[in-house]
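Enquirer: Contents are mmCIF, C-alpha atoms; file name run.cif:
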```
data_start
#
loop_
_atom_site.label_atom_id
_atom_site.label_comp_id
_atom_site.auth_asym_id
_atom_site.auth_seq_id
_atom_site.Cartn_x
_atom_site.Cartn_y
_atom_site.Cartn_z
CA MET H 1 73.60 130.96 122.58
CA ARG H 2 76.92 129.36 123.47
CA GLN H 3 75.16 126.10 124.41
CA ILE H 4 73.50 125.97 120.98
CA HIS H 5 76.87 126.37 119.22
CA THR H 6 78.40 123.67 121.39
CA ALA H 7 75.46 121.34 120.76
CA LEU H 8 75.79 121.88 117.01
CA LEU H 9 79.56 121.36 116.97
CA ILE H 10 79.63 118.09 118.95
CA PRO H 11 78.17 115.91 116.12
CA TYR H 12 80.66 117.38 113.62
CA PHE H 13 83.54 116.80 116.02
CA LEU H 14 82.50 113.18 116.54
CA LEU H 15 81.99 112.63 112.82
CA PHE H 16 85.45 113.88 111.82
CA THR H 17 87.52 112.59 114.73
CA LEU H 18 86.02 109.27 115.73
CA ALA H 19 84.72 107.90 112.41
CA PRO H 20 87.20 105.76 110.43
CA SER H 21 88.86 107.49 107.54
CA VAL H 22 87.34 106.52 104.19
CA ALA H 23 90.23 107.83 102.13
CA GLN H 24 93.23 106.02 103.53
CA ASN H 25 96.74 106.81 102.41
CA LEU H 26 98.01 103.97 100.20
CA GLU H 27 101.48 105.54 99.88
CA LYS H 28 102.50 103.82 103.10
CA PHE H 29 101.05 100.54 101.82
CA MET H 30 102.12 100.18 98.18
CA ARG H 31 103.98 101.68 95.24
CA ALA H 32 103.04 101.68 91.56
CA THR H 33 105.04 102.24 88.41
CA ASN H 34 104.16 102.06 84.73
CA MET H 35 105.83 99.35 82.62
CA GLU H 36 105.39 98.11 79.04
CA SER H 37 103.44 95.07 80.27
CA GLY H 38 101.13 97.18 82.48
CA MET H 39 101.18 98.81 85.89
CA LEU H 40 103.52 97.19 88.39
CA TYR H 41 102.18 97.27 91.94
CA PHE H 42 104.49 96.55 94.85
CA VAL H 43 102.82 96.04 98.24
CA LEU H 44 105.45 97.17 100.73
CA PRO H 45 106.96 94.65 103.18
CA GLN H 46 104.69 93.66 106.03
CA LYS H 47 105.12 91.53 109.13
CA MET H 48 103.11 88.68 110.53
CA LYS H 49 103.27 87.38 114.10
CA ARG H 50 104.40 83.81 114.84
CA VAL H 51 101.78 81.60 116.51
CA GLU H 52 103.45 78.15 116.20
CA GLY H 53 107.08 77.00 116.05
CA LYS H 54 108.51 79.04 118.93
CA ASN H 55 111.87 77.26 119.02
CA LEU H 56 112.20 77.03 115.24
CA ALA H 57 111.77 80.57 113.94
CA LYS H 58 111.86 84.25 114.85
CA LYS H 59 108.73 86.04 116.07
CA LYS H 60 108.03 87.90 112.83
CA LEU H 61 107.70 86.82 109.21
CA GLU H 62 108.38 89.49 106.58
CA TYR H 63 106.53 89.33 103.29
CA ASP H 64 105.59 91.48 100.31
CA TYR H 65 103.66 91.15 97.06
CA THR H 66 104.32 92.15 93.46
CA TYR H 67 101.50 92.32 90.93
CA VAL H 68 101.38 93.44 87.30
CA SER H 69 97.98 94.76 86.22
CA ASN H 70 95.77 92.34 84.31
CA ALA H 71 97.98 89.37 85.26
CA ASP H 72 96.38 86.24 86.62
CA SER H 73 98.95 85.68 89.39
CA VAL H 74 100.74 87.53 92.17
CA ARG H 75 104.32 87.04 93.37
CA LEU H 76 104.63 86.60 97.14
CA LEU H 77 108.12 87.08 98.56
CA LEU H 78 108.80 85.82 102.08
CA THR H 79 111.72 86.19 104.47
CA LEU H 80 111.67 83.45 107.10
CA SER H 81 114.35 83.44 109.82
CA THR H 82 114.86 79.95 111.27
CA ARG H 83 117.30 78.22 113.64
CA SER H 84 118.55 76.04 110.77
CA ALA H 85 118.30 76.34 106.98
CA PHE H 86 114.65 75.89 105.99
CA ARG H 87 114.04 72.71 103.99
CA GLY H 88 110.32 73.06 103.24
CA ASP H 89 109.02 73.33 99.71
CA SER H 90 105.41 74.43 100.32
CA LEU H 91 103.51 77.30 101.85
CA TYR H 92 99.99 76.73 103.12
CA ILE H 93 97.73 79.72 103.51
CA ALA H 94 94.75 79.06 105.75
CA THR H 95 91.56 81.01 106.09
CA PRO H 96 90.00 79.88 109.37
CA LEU H 97 86.27 79.43 109.79
CA VAL H 98 86.59 80.88 113.30
CA LYS H 99 88.22 84.07 114.61
CA ALA H 100 89.99 82.70 117.69
CA LEU H 101 93.54 81.33 117.61
CA PRO H 102 94.85 78.64 117.80
CA VAL H 103 92.56 77.19 115.16
CA PRO H 104 92.09 73.42 114.87
CA ALA H 105 93.06 72.16 111.38
CA ALA H 106 89.50 70.92 110.80
CA LYS H 107 88.24 74.52 111.13
CA CYS H 108 90.38 75.91 108.27
CA HIS H 109 90.41 76.04 104.50
CA TYR H 110 94.01 75.37 103.42
CA PHE H 111 95.50 76.41 100.10
CA GLY H 112 98.94 75.06 99.20
CA PHE H 113 101.51 76.81 97.03
CA PRO H 114 104.98 75.61 95.96
CA LEU H 115 107.89 77.60 97.38
CA LYS H 116 111.02 78.41 95.43
CA THR H 117 114.13 79.32 97.40
CA ILE H 118 115.84 82.52 96.28
CA PHE H 119 118.67 82.36 98.84
CA LYS H 120 119.62 81.04 102.28
CA GLU H 121 122.28 82.66 104.41
CA PRO H 122 123.35 82.55 108.05
CA ARG H 123 122.95 85.74 110.10
CA GLY H 124 123.94 85.40 113.72
CA LYS H 125 122.18 82.42 115.28
CA TYR H 126 119.47 82.33 112.57
CA TRP H 127 119.28 81.37 108.91
CA VAL H 128 117.59 83.91 106.65
CA ASN H 129 115.53 82.09 104.03
CA ARG H 130 114.22 84.23 101.16
CA MET H 131 111.53 82.43 99.15
CA GLU H 132 108.85 83.11 96.58
CA ALA H 133 105.45 81.66 95.80
CA TRP H 134 103.01 82.47 93.01
CA LEU H 135 99.34 82.87 93.96
CA PRO H 136 96.35 83.14 91.62
CA PHE H 137 95.07 86.73 91.71
CA ALA H 138 91.47 85.72 92.57
CA GLN H 139 92.71 83.56 95.45
CA TRP H 140 94.93 86.36 96.77
CA LYS H 141 92.00 88.75 96.68
CA SER H 142 89.78 86.28 98.56
CA PHE H 143 92.35 85.93 101.39
CA TYR H 144 91.92 89.59 102.25
CA SER H 145 88.15 89.61 101.78
CA ALA H 146 87.44 87.23 104.67
CA GLU H 147 86.93 88.62 108.17
CA ASN H 148 88.83 85.90 110.05
CA PRO H 149 92.61 85.76 110.61
CA LEU H 150 94.97 84.88 107.78
CA ILE H 151 97.51 82.14 108.58
CA PHE H 152 100.75 81.33 106.73
CA SER H 153 101.99 77.84 107.56
CA PHE H 154 105.34 76.32 106.65
CA SER H 155 105.29 72.56 106.99
CA LEU H 156 108.30 70.65 108.10
CA GLU H 157 108.42 67.14 109.48
CA LYS H 158 105.50 66.70 111.87
CA PRO H 159 104.93 67.95 114.52
CA TYR H 160 107.30 70.81 113.68
CA ASP H 161 105.16 73.39 111.92
CA ILE H 162 105.88 77.08 111.79
CA GLN H 163 102.80 79.29 111.60
CA TYR H 164 102.35 83.03 111.36
CA ALA H 165 99.04 84.84 111.58
CA LEU H 166 97.65 88.23 110.73
CA ILE H 167 95.29 88.90 113.64
CA GLY H 168 93.51 91.58 115.63
CA ARG H 169 93.71 95.29 114.90
CA LYS H 170 96.60 94.84 112.47
CA CYS H 171 94.49 92.34 110.52
CA ARG H 172 91.57 94.77 110.26
CA LYS H 173 93.88 97.60 109.14
CA GLN H 174 95.55 95.40 106.51
CA ARG H 175 92.18 94.24 105.19
CA GLU H 176 91.04 97.86 104.82
CA ASN H 177 94.22 98.70 102.89
CA TYR H 178 93.74 95.68 100.63
CA ARG H 179 90.07 96.49 100.02
CA LEU H 180 91.02 100.00 98.99
CA PHE H 181 93.84 98.61 96.83
CA PHE H 182 91.55 96.07 95.11
CA ASP H 183 88.92 98.79 94.53
CA MET H 184 91.62 100.97 92.95
CA LEU H 185 92.70 98.09 90.68
CA GLU H 186 89.12 97.51 89.58
CA LEU H 187 88.51 101.18 88.84
CA ASN H 188 91.71 101.46 86.80
CA GLN H 189 91.00 98.54 84.46
#
```
Take the structure in the file and give it back as structure tokens.
Expert:
Amino acid sequence: MRQIHTALLIPYFLLFTLAPSVAQNLEKFMRATNMESGMLYFVLPQKMKRVEGKNLAKKKLEYDYTYVSNADSVRLLLTLSTRSAFRGDSLYIATPLVKALPVPAAKCHYFGFPLKTIFKEPRGKYWVNRMEAWLPFAQWKSFYSAENPLIFSFSLEKPYDIQYALIGRKCRKQRENYRLFFDMLELNQ
């Protein structure tokens, strides 16, 4: 009798402990507040790992998004810590055609966005550069729909590029959060 109970409980145990959670907690991912112009969604700050520009910038890029419901664009705020004040005026977001990094430029779709500097200030041996870019909502959504890594590239004078990528397990987790977030937006329209 005990063996039958054990045999019946094993599938339930596997189902509830090993299967990925369908209902993820978005409270650790974003905040929402009601405004006159619609719902304001703030995707909490996230970090991306540096893959190019070792001597030019810190290992992590911090970024967050702000979106007002039914708007056609999204505000991307970035904090880039560099050895000297950042002089670039464009952000390139790449969606590679392959999963492995580094990705040759010919194997990427690049999308360029103008950067506006909010402030630059020295902190220790680095300069903290706070910038913003505006992305079309549909484009933003497509970045997190692809399965391959997402790359943020800041171009300086060649060959000095700084690149950050969302890769591996963190990439998969972020994509799941964004899919749930985009589903929520769609259902609430």
Enquirer: Could you expand the PyMOL selection byres ((chain H and resi 77) around 10) into the explicit residues it covers here, written as an mmCIF file with C-alpha atoms, in the coordinates of the input?
Expert:
```
data_model
loop_
_atom_site.group_PDB
_atom_site.id
_atom_site.type_symbol
_atom_site.label_atom_id
_atom_site.label_comp_id
_atom_site.auth_asym_id
_atom_site.auth_seq_id
_atom_site.Cartn_x
_atom_site.Cartn_y
_atom_site.Cartn_z
ATOM 1 C CA PRO H 45 106.960 94.650 103.180
ATOM 2 C CA GLU H 62 108.380 89.490 106.580
ATOM 3 C CA TYR H 63 106.530 89.330 103.290
ATOM 4 C CA ASP H 64 105.590 91.480 100.310
ATOM 5 C CA TYR H 65 103.660 91.150 97.060
ATOM 6 C CA THR H 66 104.320 92.150 93.460
ATOM 7 C CA VAL H 74 100.740 87.530 92.170
ATOM 8 C CA ARG H 75 104.320 87.040 93.370
ATOM 9 C CA LEU H 76 104.630 86.600 97.140
ATOM 10 C CA LEU H 78 108.800 85.820 102.080
ATOM 11 C CA THR H 79 111.720 86.190 104.470
ATOM 12 C CA LEU H 80 111.670 83.450 107.100
ATOM 13 C CA LEU H 115 107.890 77.600 97.380
ATOM 14 C CA LYS H 116 111.020 78.410 95.430
ATOM 15 C CA THR H 117 114.130 79.320 97.400
ATOM 16 C CA ILE H 118 115.840 82.520 96.280
ATOM 17 C CA ARG H 130 114.220 84.230 101.160
ATOM 18 C CA MET H 131 111.530 82.430 99.150
ATOM 19 C CA GLU H 132 108.850 83.110 96.580
ATOM 20 C CA ALA H 133 105.450 81.660 95.800
ATOM 21 C CA TRP H 134 103.010 82.470 93.010
#
```
Enquirer: Run the PyMOL selection byres ((chain H and resi 68) around 8) on the file and write out the hits as a count of residues only.
Expert: 11
Enquirer: In file coordinates, which residues lie within 9 Å of (101.2, 101.0, 104.3) using all atoms listed in the file, given as a PyMOL selection string?
Expert: chain H and resi 25-30+43-46+174+177
Enquirer: Evaluating the PyMOL selection byres ((chain H and resi 165) around 8) on the displayed file yields which residues, as a PDB file with C-alpha atoms, in the coordinates of the input?
Expert:
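Below is the file that was written, expr17.pdb:
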```
ATOM      1  CA  MET H  48     103.110  88.680 110.530  1.00  0.00           C
ATOM      2  CA  LYS H  49     103.270  87.380 114.100  1.00  0.00           C
ATOM      3  CA  ARG H  50     104.400  83.810 114.840  1.00  0.00           C
ATOM      4  CA  VAL H  51     101.780  81.600 116.510  1.00  0.00           C
ATOM      5  CA  PRO H 149      92.610  85.760 110.610  1.00  0.00           C
ATOM      6  CA  LEU H 150      94.970  84.880 107.780  1.00  0.00           C
ATOM      7  CA  ILE H 151      97.510  82.140 108.580  1.00  0.00           C
ATOM      8  CA  PHE H 152     100.750  81.330 106.730  1.00  0.00           C
ATOM      9  CA  GLN H 163     102.800  79.290 111.600  1.00  0.00           C
ATOM     10  CA  TYR H 164     102.350  83.030 111.360  1.00  0.00           C
ATOM     11  CA  LEU H 166      97.650  88.230 110.730  1.00  0.00           C
ATOM     12  CA  ILE H 167      95.290  88.900 113.640  1.00  0.00           C
TER      13      ILE H 167
END
```
Enquirer: Please define a box with edges along x, y and z of the file around all atoms of range 161-164 of chain H given in the file, extend it by 4 Å on each side, and return its centre and edge lengths in Å to one decimal, as lines of an AutoDock Vina configuration file.
Expert:
```
center_x = 104.1
center_y = 78.2
center_z = 111.6
size_x = 11.5
size_y = 17.6
size_z = 8.6
```
